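Everything on this sheet refers to the single structure shown next.
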Amino acid sequence: MTQLLQSSGRTPAHKGEELVPRIMVRAVFALLMVCLVLVFAARVTERPLESTPEQTLVLESRALFLSGDVSGATTILDANGSVIAQFSGEDGGFIAGVKRVIDRERMKHRVEQNGAVLLQRRQGGRLSIYDPSTKFSIELVGFGDDNLRRFARILSLG
């Protein structure tokens with residue numbers, strides 16, 4: 001067998017042979033450390049966020065109360081407590097996800113979990129959800145046309 005491998009120009013694999021060169025492991029570790037140092041420095045110096053959406057004029061706004069569960073079933077109420085929309089677990093997953101993100105932000109800021117959020121149409125046609133209790137905003141443009149249309153329809157029902 002050894003003679004066959006030697007005649008083909010290949011050598012048998014040794015137990016001590018490296019699968020990933022050491023230099024690559026060190027380079028990845030160095031890159032990771034540089035990233036951690038940069039993030040730490042930005043947090044310590046309280047560097048302002050960059051590449052955030054421009055805060056344009058709010059053209060239309062509607063107060064909403066979101067309720068959802070882990071299955072994705074979601075109910076949206078208006079300021080009077082009337083049901084605006086109900087979604088099953090299959091259809092309401094995105095809205096339930098938005099609700100969980102808002103709940104997490106409220107928990108981090110130690111504010112009431114049951115306040116209203118504002119669905120806003122901004123200049124330029126952008127839609128966003130704004131939580132006045134935490135000053136947290138979610139731009140809806142990046143979550144697909146179906147989700148954007150769903151929120152636009154909720155806004156137009158008011």
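Ligands are numbered from 1 in the order shown, chains are lettered A, B, ... in the order of the structure tokens, and residues start at 1 in each chain.
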
Run DSSP on the backbone and grab whatever in chain A lands in strand (DSSP E); send it over as a ChimeraX atom specification.
-> /A:58-68,74-77,83-87,117-122,127-131,136-139

Region 106-117 of chain A: which residues within 9 Å, counting only C-alpha atoms, same-chain residues fewer than 2 positions away excluded, as a PyMOL selection string?
-> chain A and resi 62-67+78-79+101-104+119+129-134

Could you name the residues that touch Glu60 (chain A) at 10 Å or less, counting only C-alpha atoms, but leaving out those on the same chain fewer than 5 positions away, as a ChimeraX atom specification?
-> /A:118-123,127,155-156

Run DSSP on the backbone of this structure and report the residues of chain A it assigns to alpha helix (DSSP H), as a ChimeraX atom specification.
-> /A:2-8,22-44,93-109,145-156

Which residues come within 10 Å of Ser88 (chain A), counting only C-alpha atoms, excluding same-chain residues fewer than 4 positions away, as a list in words?
->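 Counting only the stated atoms, we get Gly68, Ser71, Gly72, Ala73, Thr74, Thr75, Gly92 and Gly93 of chain A.
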
With only C-alpha atoms as the basis for distance, which of A:Ser61, A:Glu105, A:Asp69, A:Gln55 is at the shortest distance from Phe151 (chain A)?
->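 Nearest candidate to Phe151 (chain A) out of A:Ser61, A:Glu105, A:Asp69, A:Gln55: A:Ser61.
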